[in-house]
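Source file: entry_14.cif. Holds: mmCIF, C-alpha atoms.
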```cif
data_structure
loop_
_atom_site.label_atom_id
_atom_site.label_comp_id
_atom_site.auth_asym_id
_atom_site.auth_seq_id
_atom_site.Cartn_x
_atom_site.Cartn_y
_atom_site.Cartn_z
CA MET A 10 -48.60 -45.44 -12.56
CA ASP A 11 -45.18 -45.27 -11.12
CA ILE A 12 -43.79 -48.79 -11.21
CA VAL A 13 -40.43 -47.68 -9.84
CA ARG A 14 -42.10 -46.14 -6.84
CA LEU A 15 -44.23 -49.20 -6.22
CA GLU A 16 -41.15 -51.41 -6.33
CA ALA A 17 -39.25 -49.09 -3.99
CA ASN A 18 -42.08 -49.22 -1.49
CA TRP A 19 -42.24 -52.98 -1.73
CA ALA A 20 -38.49 -53.16 -1.13
CA VAL A 21 -38.92 -51.18 2.10
CA ILE A 22 -41.73 -53.45 3.29
CA ARG A 23 -39.72 -56.51 2.35
CA ALA A 24 -36.66 -55.31 4.26
CA GLU A 25 -38.83 -54.64 7.28
CA LEU A 26 -40.26 -58.16 7.13
CA GLU A 27 -36.85 -59.72 6.95
CA ALA A 28 -35.32 -57.65 9.73
CA PRO A 29 -35.56 -59.35 13.08
CA ARG A 30 -38.36 -57.89 15.10
CA PRO A 31 -37.00 -55.94 18.09
CA ARG A 32 -37.64 -57.72 21.34
CA LEU A 33 -40.00 -56.38 23.96
CA LEU A 34 -37.24 -54.66 25.94
CA GLU A 35 -35.88 -52.92 22.87
CA ARG A 36 -39.30 -51.78 21.71
CA THR A 37 -40.10 -50.42 25.17
CA LEU A 38 -36.86 -48.45 25.28
CA ARG A 39 -37.51 -47.04 21.83
CA ARG A 40 -40.99 -45.99 22.75
CA LEU A 41 -39.44 -44.05 25.62
CA GLY A 42 -37.57 -42.04 23.02
CA ILE A 43 -34.15 -43.66 23.29
CA PRO A 44 -32.34 -43.72 19.92
CA ALA A 45 -32.32 -47.02 18.06
CA ALA A 46 -28.51 -47.22 18.06
CA ALA A 47 -28.40 -47.12 21.84
CA THR A 48 -31.23 -49.61 22.37
CA ARG A 49 -29.60 -52.07 19.97
CA LEU A 50 -26.38 -51.74 21.92
CA VAL A 51 -28.12 -52.42 25.18
CA VAL A 52 -29.84 -55.60 24.05
CA ALA A 53 -27.07 -56.90 21.79
CA THR A 54 -24.80 -57.54 24.70
CA PRO A 55 -25.31 -60.74 26.64
CA ALA A 56 -22.67 -59.67 29.16
CA LEU A 57 -24.80 -56.68 30.01
CA ARG A 58 -27.88 -58.76 30.57
CA ARG A 59 -25.99 -61.10 32.89
CA ALA A 60 -24.74 -58.08 34.79
CA TRP A 61 -28.28 -56.86 35.29
CA LEU A 62 -29.50 -60.17 36.50
CA ALA A 63 -26.62 -60.39 38.94
CA ALA A 64 -27.23 -56.86 40.19
CA VAL A 65 -30.94 -57.42 40.58
CA ALA A 66 -30.50 -60.70 42.41
CA VAL A 67 -27.99 -59.24 44.85
CA VAL A 68 -30.12 -56.20 45.58
CA VAL A 69 -33.15 -58.35 46.30
CA LEU A 70 -31.15 -60.59 48.62
CA LEU A 71 -29.68 -57.59 50.40
CA GLY A 72 -33.11 -56.10 50.79
CA ILE A 73 -34.39 -59.24 52.40
CA GLY A 74 -31.29 -59.34 54.60
CA ALA A 75 -31.79 -55.73 55.64
CA ALA A 76 -35.35 -56.41 56.65
CA GLN A 77 -34.28 -57.88 60.00
CA PRO A 78 -35.39 -55.22 62.47
CA ASP A 79 -33.43 -56.74 65.38
CA ASP A 80 -30.12 -56.39 63.63
CA PRO A 81 -28.78 -52.82 63.44
CA GLY A 82 -25.95 -54.00 61.20
CA SER A 83 -28.31 -55.00 58.40
CA LEU A 84 -29.14 -51.40 57.46
CA TRP A 85 -25.44 -50.56 57.35
CA THR A 86 -24.78 -53.55 55.10
CA PHE A 87 -27.59 -52.53 52.79
CA LEU A 88 -26.48 -48.92 52.53
CA VAL A 89 -22.83 -49.75 51.97
CA LEU A 90 -23.31 -52.52 49.42
CA THR A 91 -26.15 -51.13 47.31
CA PRO A 92 -24.18 -48.20 45.83
CA ILE A 93 -21.39 -50.57 44.77
CA LEU A 94 -23.70 -52.85 42.81
CA PRO A 95 -23.97 -50.64 39.74
CA VAL A 96 -20.18 -50.32 39.79
CA LEU A 97 -19.77 -54.08 39.74
CA GLY A 98 -22.48 -54.30 37.11
CA VAL A 99 -20.60 -51.97 34.80
CA ALA A 100 -17.33 -53.80 35.41
CA LEU A 101 -19.00 -57.07 34.46
CA ALA A 102 -20.69 -55.53 31.48
CA TYR A 103 -17.53 -54.20 29.98
CA GLY A 104 -14.12 -55.29 28.94
CA PRO A 105 -12.61 -58.13 26.96
CA ALA A 106 -12.97 -60.73 29.69
CA SER A 107 -16.74 -60.82 29.70
CA ASP A 108 -17.92 -59.07 26.58
CA PRO A 109 -18.03 -60.99 23.29
CA MET A 110 -18.75 -57.73 21.47
CA TYR A 111 -15.60 -56.10 22.79
CA GLU A 112 -13.46 -56.52 19.70
CA ALA A 113 -16.29 -55.44 17.45
CA GLN A 114 -16.78 -52.31 19.49
CA LEU A 115 -13.17 -51.25 19.24
CA ALA A 116 -13.71 -51.05 15.50
CA THR A 117 -16.93 -49.05 15.66
CA PRO A 118 -16.94 -45.30 15.25
CA MET A 119 -18.91 -44.83 18.47
CA GLN A 120 -16.86 -43.06 21.06
CA GLY A 121 -15.65 -45.29 23.86
CA LEU A 122 -16.83 -43.00 26.63
CA ARG A 123 -20.28 -42.68 25.20
CA LEU A 124 -20.59 -46.44 24.90
CA LEU A 125 -19.47 -46.90 28.46
CA ALA A 126 -21.81 -44.18 29.65
CA VAL A 127 -24.82 -45.73 27.93
CA ARG A 128 -24.13 -49.05 29.61
CA ALA A 129 -23.34 -47.57 32.98
CA LEU A 130 -26.59 -45.65 32.78
CA VAL A 131 -28.60 -48.76 31.95
CA VAL A 132 -27.12 -50.73 34.82
CA GLN A 133 -27.57 -47.77 37.14
CA VAL A 134 -31.22 -47.31 36.20
CA VAL A 135 -32.02 -50.97 36.79
CA ALA A 136 -30.15 -51.02 40.10
CA VAL A 137 -31.83 -47.81 41.26
CA ALA A 138 -35.29 -49.05 40.27
CA VAL A 139 -34.94 -52.43 41.95
CA GLY A 140 -33.00 -51.15 44.94
CA GLY A 141 -35.48 -48.34 45.44
CA ALA A 142 -38.44 -50.68 45.25
CA VAL A 143 -36.92 -53.09 47.75
CA ALA A 144 -36.01 -50.28 50.14
CA LEU A 145 -39.46 -48.71 50.00
CA LEU A 146 -41.14 -52.07 50.59
CA THR A 147 -39.00 -52.86 53.61
CA PRO A 148 -40.34 -50.99 56.67
CA SER A 149 -37.21 -51.25 58.81
CA ILE A 150 -35.00 -49.36 56.35
CA ARG A 151 -37.56 -46.99 54.92
CA PRO A 152 -36.34 -43.75 56.54
CA MET A 153 -32.93 -44.23 54.97
CA ALA A 154 -34.25 -46.03 51.91
CA LEU A 155 -32.93 -43.59 49.35
CA ALA A 156 -29.73 -42.53 51.12
CA TRP A 157 -27.65 -44.70 48.78
CA LEU A 158 -28.85 -43.12 45.52
CA LEU A 159 -26.36 -40.29 45.38
CA PRO A 160 -23.41 -42.44 46.53
CA GLY A 161 -24.39 -44.98 43.90
CA LEU A 162 -24.27 -42.40 41.11
CA ALA A 163 -21.02 -40.93 42.42
CA LEU A 164 -19.33 -44.32 42.65
CA THR A 165 -20.34 -45.26 39.12
CA ALA A 166 -18.95 -41.98 37.85
CA ALA A 167 -15.75 -42.53 39.84
CA MET A 168 -15.37 -45.98 38.40
CA VAL A 169 -15.91 -44.76 34.85
CA ALA A 170 -13.24 -42.11 35.43
CA GLY A 171 -10.95 -44.78 36.87
CA MET A 172 -11.37 -46.84 33.72
CA SER A 173 -9.54 -44.18 31.76
CA ALA A 174 -6.38 -45.46 33.46
CA LEU A 175 -7.14 -48.94 34.84
CA THR A 176 -8.76 -52.12 33.56
CA PRO A 177 -12.48 -52.30 34.29
CA ARG A 178 -12.08 -54.83 37.09
CA ARG A 179 -9.30 -52.92 38.81
CA ALA A 180 -11.24 -49.69 38.52
CA ALA A 181 -14.27 -51.36 40.06
CA ALA A 182 -12.26 -52.96 42.84
CA SER A 183 -10.46 -49.71 43.72
CA THR A 184 -13.71 -47.78 43.77
CA ALA A 185 -15.37 -50.37 46.00
CA VAL A 186 -12.44 -50.51 48.43
CA ALA A 187 -12.20 -46.72 48.61
CA TRP A 188 -15.92 -46.48 49.30
CA VAL A 189 -16.00 -49.06 52.09
CA LEU A 190 -12.91 -47.58 53.70
CA GLY A 191 -14.42 -44.11 53.46
CA VAL A 192 -17.65 -45.19 55.14
CA VAL A 193 -15.86 -47.11 57.89
CA LEU A 194 -13.40 -44.29 58.62
CA THR A 195 -16.13 -41.64 58.65
CA GLY A 196 -18.10 -43.86 61.03
CA ALA A 197 -15.11 -44.34 63.32
CA VAL A 198 -14.22 -40.63 63.42
CA THR A 199 -17.75 -39.40 64.11
CA SER A 200 -18.72 -42.45 66.20
CA ASP A 201 -21.85 -42.67 64.06
CA GLN A 202 -21.84 -45.74 61.86
CA LEU A 203 -24.06 -44.07 59.27
CA ALA A 204 -22.36 -40.66 59.26
CA ALA A 205 -21.39 -41.06 55.60
CA PHE A 206 -25.08 -41.00 54.66
CA ALA A 207 -25.91 -37.82 56.59
CA PRO A 208 -26.36 -34.58 54.62
CA GLY A 209 -22.65 -33.75 54.91
CA GLY A 210 -21.67 -37.11 53.48
CA GLN A 211 -24.20 -36.78 50.67
CA LEU A 212 -22.72 -33.43 49.74
CA VAL A 213 -19.24 -34.95 49.58
CA MET A 214 -20.51 -37.72 47.33
CA LEU A 215 -22.18 -35.18 45.07
CA VAL A 216 -18.86 -33.39 44.67
CA VAL A 217 -17.02 -36.69 44.08
CA GLY A 218 -19.54 -37.62 41.39
CA LEU A 219 -19.31 -34.30 39.59
CA VAL A 220 -15.52 -34.24 39.69
CA ALA A 221 -15.40 -37.82 38.39
CA MET A 222 -17.73 -36.98 35.51
CA LEU A 223 -15.65 -33.98 34.58
CA LEU A 224 -12.48 -36.04 34.76
CA ALA A 225 -13.96 -38.80 32.60
CA TYR A 226 -15.07 -36.24 30.06
CA ARG A 227 -11.68 -34.57 29.89
CA ARG A 228 -9.91 -37.88 29.46
CA ARG A 229 -12.53 -39.16 26.99
CA ASP A 230 -9.98 -40.05 24.31
CA ARG A 231 -8.44 -42.66 26.58
CA PHE A 232 -11.60 -44.74 26.49
CA ASP A 233 -11.03 -45.63 22.88
CA HIS A 234 -7.96 -47.64 23.84
CA LEU A 235 -8.91 -49.38 27.05
CA ALA A 236 -6.32 -51.63 28.62
CA LEU A 237 -6.87 -55.13 27.31
CA THR A 238 -5.99 -57.09 30.40
CA MET B 11 -47.35 -46.26 -18.16
CA GLY B 12 -50.39 -44.14 -18.40
CA VAL B 13 -53.14 -46.18 -16.92
CA VAL B 14 -53.03 -48.39 -13.88
CA GLN B 15 -52.95 -51.98 -14.90
CA ARG B 16 -54.48 -54.18 -12.36
CA GLN B 17 -52.76 -57.49 -12.11
CA ALA B 18 -54.46 -60.20 -14.04
CA PRO B 19 -57.17 -61.47 -11.78
CA SER B 20 -55.42 -63.97 -9.62
CA SER B 21 -57.01 -67.31 -9.08
CA GLU B 22 -56.87 -66.64 -5.38
CA ASP B 23 -59.21 -64.14 -3.79
CA ASP B 24 -58.28 -61.61 -1.11
CA ARG B 25 -59.80 -63.54 1.74
CA SER B 26 -57.84 -66.69 1.21
CA LEU B 27 -54.72 -64.56 0.80
CA LEU B 28 -55.37 -63.12 4.25
CA ALA B 29 -55.84 -66.61 5.59
CA ARG B 30 -52.44 -67.62 4.18
CA LEU B 31 -50.94 -64.44 5.60
CA ALA B 32 -52.13 -65.41 9.04
CA GLY B 33 -49.98 -68.51 8.62
CA GLY B 34 -46.93 -66.32 7.98
CA ASP B 35 -46.86 -66.68 4.20
CA CYS B 36 -44.72 -63.92 2.73
CA ILE B 37 -45.75 -64.65 -0.85
CA ALA B 38 -49.36 -63.99 0.02
CA LEU B 39 -48.41 -60.50 1.18
CA GLU B 40 -46.61 -59.85 -2.06
CA THR B 41 -49.61 -60.99 -4.09
CA LEU B 42 -51.83 -58.73 -2.03
CA TYR B 43 -49.41 -55.85 -2.54
CA ARG B 44 -49.22 -56.31 -6.31
CA ARG B 45 -52.97 -56.36 -6.48
CA HIS B 46 -53.84 -53.45 -4.22
CA ALA B 47 -50.83 -51.17 -3.81
CA PRO B 48 -51.29 -49.35 -7.18
CA TRP B 49 -54.71 -47.97 -6.45
CA LEU B 50 -53.93 -47.44 -2.76
CA MET B 51 -50.94 -45.33 -3.73
CA THR B 52 -52.91 -43.26 -6.22
CA ARG B 53 -55.58 -42.65 -3.67
CA LEU B 54 -53.17 -41.80 -0.85
CA ASP B 55 -51.52 -39.30 -3.18
CA SER B 56 -54.88 -37.74 -3.87
CA ARG B 57 -55.48 -37.26 -0.15
CA CYS B 58 -52.27 -35.59 0.88
CA GLY B 59 -50.27 -34.31 -2.05
CA ASP B 60 -47.00 -35.36 -0.44
CA ARG B 61 -45.55 -38.44 -2.05
CA GLU B 62 -43.16 -39.19 0.75
CA LEU B 63 -46.02 -39.23 3.20
CA ALA B 64 -48.12 -41.40 0.93
CA ASP B 65 -45.23 -43.84 0.58
CA ALA B 66 -44.78 -44.09 4.34
CA ALA B 67 -48.50 -44.66 4.82
CA LEU B 68 -48.52 -47.34 2.13
CA GLN B 69 -45.60 -49.18 3.73
CA GLU B 70 -47.15 -49.00 7.15
CA THR B 71 -50.42 -50.30 5.79
CA PHE B 72 -48.92 -53.51 4.47
CA LEU B 73 -46.76 -53.96 7.53
CA ALA B 74 -49.87 -53.65 9.66
CA VAL B 75 -51.61 -56.24 7.49
CA TRP B 76 -48.62 -58.53 7.84
CA ARG B 77 -48.49 -58.20 11.60
CA LYS B 78 -52.19 -58.65 12.13
CA PRO B 79 -54.04 -60.18 9.21
CA THR B 80 -56.62 -61.48 11.66
CA ALA B 81 -57.84 -57.92 12.20
CA TYR B 82 -59.96 -58.43 9.11
CA ARG B 83 -63.26 -59.55 10.55
CA GLY B 84 -64.58 -61.03 7.35
CA ASP B 85 -67.38 -58.56 6.78
CA GLY B 86 -67.18 -56.31 3.76
CA ASP B 87 -64.65 -55.97 1.01
CA VAL B 88 -60.97 -56.58 1.73
CA ALA B 89 -60.15 -53.56 -0.45
CA ALA B 90 -62.37 -51.32 1.67
CA TRP B 91 -60.71 -52.70 4.80
CA LEU B 92 -57.29 -51.95 3.33
CA TRP B 93 -58.27 -48.40 2.50
CA GLY B 94 -59.56 -47.94 6.05
CA ILE B 95 -56.11 -48.89 7.35
CA ALA B 96 -54.27 -46.83 4.74
CA VAL B 97 -56.11 -43.57 5.33
CA ARG B 98 -55.66 -43.89 9.10
CA ARG B 99 -51.94 -44.55 8.67
CA LEU B 100 -51.86 -41.42 6.58
CA ILE B 101 -53.42 -39.49 9.44
CA ASP B 102 -50.83 -40.98 11.82
CA GLU B 103 -48.00 -39.95 9.52
CA LEU B 104 -49.41 -36.45 9.17
CA ARG B 105 -49.51 -36.06 12.91
CA ARG B 106 -46.13 -37.64 13.53
CA ARG B 107 -44.30 -35.43 11.07
CA ARG B 108 -46.30 -32.36 11.90
CA VAL B 109 -46.68 -31.45 8.26
CA PRO B 110 -49.24 -28.78 7.68
CA PRO B 111 -52.38 -30.23 6.08
CA ILE B 112 -52.71 -29.49 2.39
CA ASP B 113 -55.00 -27.04 0.75
CA PRO B 114 -58.41 -28.74 0.61
CA ALA B 115 -58.69 -27.61 -2.98
CA LEU B 116 -56.06 -30.19 -3.84
CA ILE B 117 -57.87 -33.05 -2.17
CA THR B 118 -59.80 -35.07 -4.63
CA ASP B 119 -60.60 -38.61 -5.47
CA PRO B 120 -59.44 -40.35 -8.62
CA LEU B 121 -62.92 -41.73 -8.84
CA LEU B 122 -64.44 -38.30 -9.25
CA GLU B 123 -62.15 -37.36 -12.05
CA ARG B 124 -61.84 -40.42 -14.17
CA GLN B 125 -64.46 -42.91 -13.32
CA ASP B 126 -63.41 -45.28 -16.05
CA VAL B 127 -59.87 -45.57 -14.76
CA PHE B 128 -60.84 -45.87 -11.16
CA HIS B 129 -63.51 -48.39 -11.84
CA ARG B 130 -61.06 -50.69 -13.48
CA THR B 131 -58.29 -50.25 -10.98
CA ALA B 132 -59.90 -50.09 -7.61
CA PRO B 133 -61.96 -52.85 -6.17
CA ALA B 134 -64.72 -50.68 -4.92
CA GLY B 135 -66.47 -50.45 -1.60
CA THR B 136 -70.15 -49.66 -1.40
CA GLU B 137 -69.74 -45.92 -1.64
CA GLU B 138 -67.45 -46.14 -4.62
CA MET B 139 -69.82 -48.50 -6.36
CA ALA B 140 -72.62 -46.04 -5.84
CA LEU B 141 -70.53 -43.16 -7.11
CA ALA B 142 -69.25 -45.04 -10.12
CA ASP B 143 -72.65 -46.39 -11.07
CA PRO B 144 -73.90 -44.63 -14.22
CA ARG B 145 -77.34 -44.46 -12.67
CA TYR B 146 -75.94 -42.00 -10.17
CA GLY B 147 -74.03 -40.24 -12.89
CA GLU B 148 -74.70 -36.80 -11.49
CA LEU B 149 -73.28 -37.55 -8.08
CA GLY B 150 -69.63 -37.35 -9.09
CA PRO B 151 -69.89 -33.99 -10.87
CA ALA B 152 -72.03 -32.67 -8.03
CA ILE B 153 -69.26 -33.46 -5.55
CA GLN B 154 -66.67 -31.99 -7.87
CA ASN B 155 -68.61 -28.75 -8.03
CA LEU B 156 -68.70 -28.29 -4.28
CA ALA B 157 -66.55 -25.63 -2.67
CA PRO B 158 -63.11 -27.20 -2.04
CA GLU B 159 -63.34 -27.28 1.75
CA LEU B 160 -66.80 -28.87 1.60
CA ARG B 161 -65.67 -31.41 -0.95
CA ALA B 162 -62.66 -32.36 1.15
CA VAL B 163 -64.88 -33.01 4.16
CA LEU B 164 -67.37 -35.02 2.13
CA ILE B 165 -64.64 -37.18 0.63
CA ALA B 166 -63.04 -37.81 4.02
CA THR B 167 -66.29 -38.85 5.67
CA ALA B 168 -68.47 -40.37 2.95
CA ILE B 169 -65.82 -42.01 0.79
CA ASP B 170 -63.01 -42.67 3.24
CA GLY B 171 -65.40 -43.60 6.01
CA LEU B 172 -63.60 -41.50 8.61
CA SER B 173 -65.25 -40.26 11.77
CA THR B 174 -65.54 -36.49 12.14
CA LYS B 175 -62.66 -36.66 14.61
CA GLU B 176 -60.40 -38.47 12.15
CA ALA B 177 -61.46 -36.19 9.30
CA ALA B 178 -60.58 -33.21 11.49
CA ARG B 179 -57.07 -34.62 11.96
CA LEU B 180 -56.63 -35.34 8.29
CA LEU B 181 -57.74 -31.88 7.25
CA GLY B 182 -56.17 -30.02 10.12
CA VAL B 183 -59.33 -28.23 11.21
CA PRO B 184 -61.35 -28.42 14.44
CA GLN B 185 -63.94 -31.14 14.74
CA GLY B 186 -66.77 -28.61 14.94
CA THR B 187 -65.69 -27.16 11.62
CA VAL B 188 -65.85 -30.61 10.05
CA LYS B 189 -69.42 -31.00 11.31
CA THR B 190 -70.62 -27.65 10.00
CA ARG B 191 -68.91 -28.15 6.67
CA LEU B 192 -70.44 -31.59 6.37
CA MET B 193 -73.87 -30.11 6.97
CA ARG B 194 -73.30 -27.41 4.40
CA ALA B 195 -71.99 -29.99 1.94
CA ARG B 196 -75.16 -32.04 2.39
CA HIS B 197 -77.37 -29.04 1.73
CA ALA B 198 -75.35 -28.12 -1.33
CA MET B 199 -75.61 -31.68 -2.63
CA GLN B 200 -79.35 -31.74 -2.05
CA GLU B 201 -79.73 -28.56 -4.05
CA ALA B 202 -77.47 -29.74 -6.83
CA LEU B 203 -79.29 -33.04 -7.19
CA ALA B 204 -82.81 -31.70 -6.72
#
```

Translate this file's structure into structure tokens.
Amino acid sequence: MDIVRLEANWAVIRAELEAPRPRLLERTLRRLGIPAAATRLVVATPALRRAWLAAVAVVVLLGIGAAQPDDPGSLWTFLVLTPILPVLGVALAYGPASDPMYEAQLATPMQGLRLLAVRALVVQVVAVAVGGAVALLTPSIRPMALAWLLPGLALTAAMVAGMSALTPRRAAASTAVAWVLGVVLTGAVTSDQLAAFAPGGQLVMLVVGLVAMLLAYRRRDRFDHLALT
Amino acid sequence: MGVVQRQAPSSEDDRSLLARLAGGDCIALETLYRRHAPWLMTRLDSRCGDRELADAALQETFLAVWRKPTAYRGDGDVAAWLWGIAVRRLIDELRRRRVPPIDPALITDPLLERQDVFHRTAPAGTEEMALADPRYGELGPAIQNLAPELRAVLIATAIDGLSTKEAARLLGVPQGTVKTRLMRARHAMQEALA
């Protein structure tokens, strides 16, 4: 009988017993096929969880606000604000001001852009899921319910690209301001408040998103030395 | 170390160990491991011929016991219950890693080869008791003399207590094949023991 082998197997079992059991969220993500390193990163970050909660709460409130059929402005508010939420979520989830893991991450071999992308994706997925659910459950906005999806993705990509040069908060603020201005100006020029969400506008956002992703990828080395303040 | 040495019979029996486990007692798991892992490992080896796979199955078995000791319903031998978990973990590992099933000729049971060793090392379930009993002395050799693919099926179903579906997974053959082979194995055994 192989005593060495028996001991080795016991050591593995022992280590497994002593390791903290992954929480429900982490186990679910892993079962979906997401690598353990990424799931750990997602749950190990309290800042990220706060960002989610904030994003979810705001989306729900907006959805309720947009459900007023008498008020034509409520749909506009919903469509303009929802795409920005993931952007704000990422800004809150990242950077030295809000993230206790920030220093530790600078020392890890994981590439800055990949880290940022994983988090942006998580926030985006949550925002899309909740926002989509609210929109589909609210009759008055249903026809346009999903018009903010593409802008949302494009804005997150733009913000990530912006973070290669600016601090997270400035990048988020600039993206948000540019977006609101863009929607308002497009509305004024075409005298249709919601022109930015028409097929033409969607196409523009698609291009913006792709260009931003390309830009972020090309400047990926910058993400390893993000501005500290 | 030639022969498996079972730990000196502990004052505590398997059932009360499981009861302590349910209370989160880590030492109880270790005692259970020291007592049962040696024969479980030998037997897992004999079923798959891949030590890495057998190791993984062994680890998963005790982790499963740790996570849910209450799954033991209290009927039958704890050792038989453990083997039931172990062989199913082995099937899981086989499927997960997509390793091709081994040549049935290599599948055997320690019991069939060296009854004396197995009898001392493995707390036996009903089937093993029957096979190891000198009164049924011809049963072991009769199984050994079966054609390899028939023997593998008989071991998987009669000794391991697997369903035909599980046996099919373990052996990597269709379920229908398991059924026909089982039938042929029975006939062959009847002839051999007649």

Exercise. Once the PyMOL selection byres ((chain A) within 9 of (chain B)) has been applied to the shown file, what residues remain in the selection, as a count of residues only?
Worked result: 12

Could you write out as a compact mmCIF listing (two decimals) with C-alpha atoms, keeping the file's coordinate frame the residues that the PyMOL selection byres ((chain A and resi 161) around 8) matches in the shown file?
```
# COMPACT_ATOMS: atom_id res chain seq x y z
CA THR A 91 -26.15 -51.13 47.31
CA PRO A 92 -24.18 -48.20 45.83
CA ILE A 93 -21.39 -50.57 44.77
CA LEU A 94 -23.70 -52.85 42.81
CA PRO A 95 -23.97 -50.64 39.74
CA VAL A 96 -20.18 -50.32 39.79
CA GLN A 133 -27.57 -47.77 37.14
CA TRP A 157 -27.65 -44.70 48.78
CA LEU A 158 -28.85 -43.12 45.52
CA LEU A 159 -26.36 -40.29 45.38
CA PRO A 160 -23.41 -42.44 46.53
CA LEU A 162 -24.27 -42.40 41.11
CA ALA A 163 -21.02 -40.93 42.42
CA LEU A 164 -19.33 -44.32 42.65
CA THR A 165 -20.34 -45.26 39.12
```

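The closest residue to A:Gly140, picked from A:Leu190, A:Leu70, A:Ala207, A:Ala181 and counting all atoms listed in the file, is A:Leu70.
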
Problem set entry | Proximity to A:Ala221 - best of A:Ala182, A:Ala170, A:Leu145, A:Val132, only C-alpha atoms |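 Closest to A:Ala221, using only C-alpha atoms: A:Ala170.
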
Exercise. Care to translate the PyMOL selection byres ((chain B and resi 102) around 12) into actual residues of this file, as an MDAnalysis selection string?
Worked result: chainID B and resid 63:64 66:68 70:71 95:101 103:109 176:177 179:180

For this session: Between A:Gly171, A:Gly191, A:Gly209, A:Gly141, single out the one closest to A:Met222, counting all atoms listed in the file.
Result: A:Gly171

Exercise. Separation of atom CA of B:Val75 and atom CA of B:Asp60, in Å?
Worked result: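 The value is 22.8 Å.
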
Exercise. Which distance in Å separates atom CA of A:Ala28 and atom CA of B:Leu42, to one decimal?
Worked result: 20.3 Å

Problem set entry | Length of the atom CA of B:Gly34 to atom CA of A:Glu16 vector [Å] |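 These atoms are spaced 21.5 Å apart.
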
Exercise. Any idea what's packed within 9 Å of A:Val220, counting all atoms listed in the file, ignoring anything in its chain fewer than 4 positions away? Could you give it as a ChimeraX atom specification?
Worked result: /A:166-167,215-216,224-225

Exercise. Which residues come within 10 Å of B:Ala29, counting only C-alpha atoms, excluding same-chain residues fewer than 6 positions away, as a list in words?
Worked result: Asp35, Ala38, Pro79, Thr80 and Tyr82 of chain B
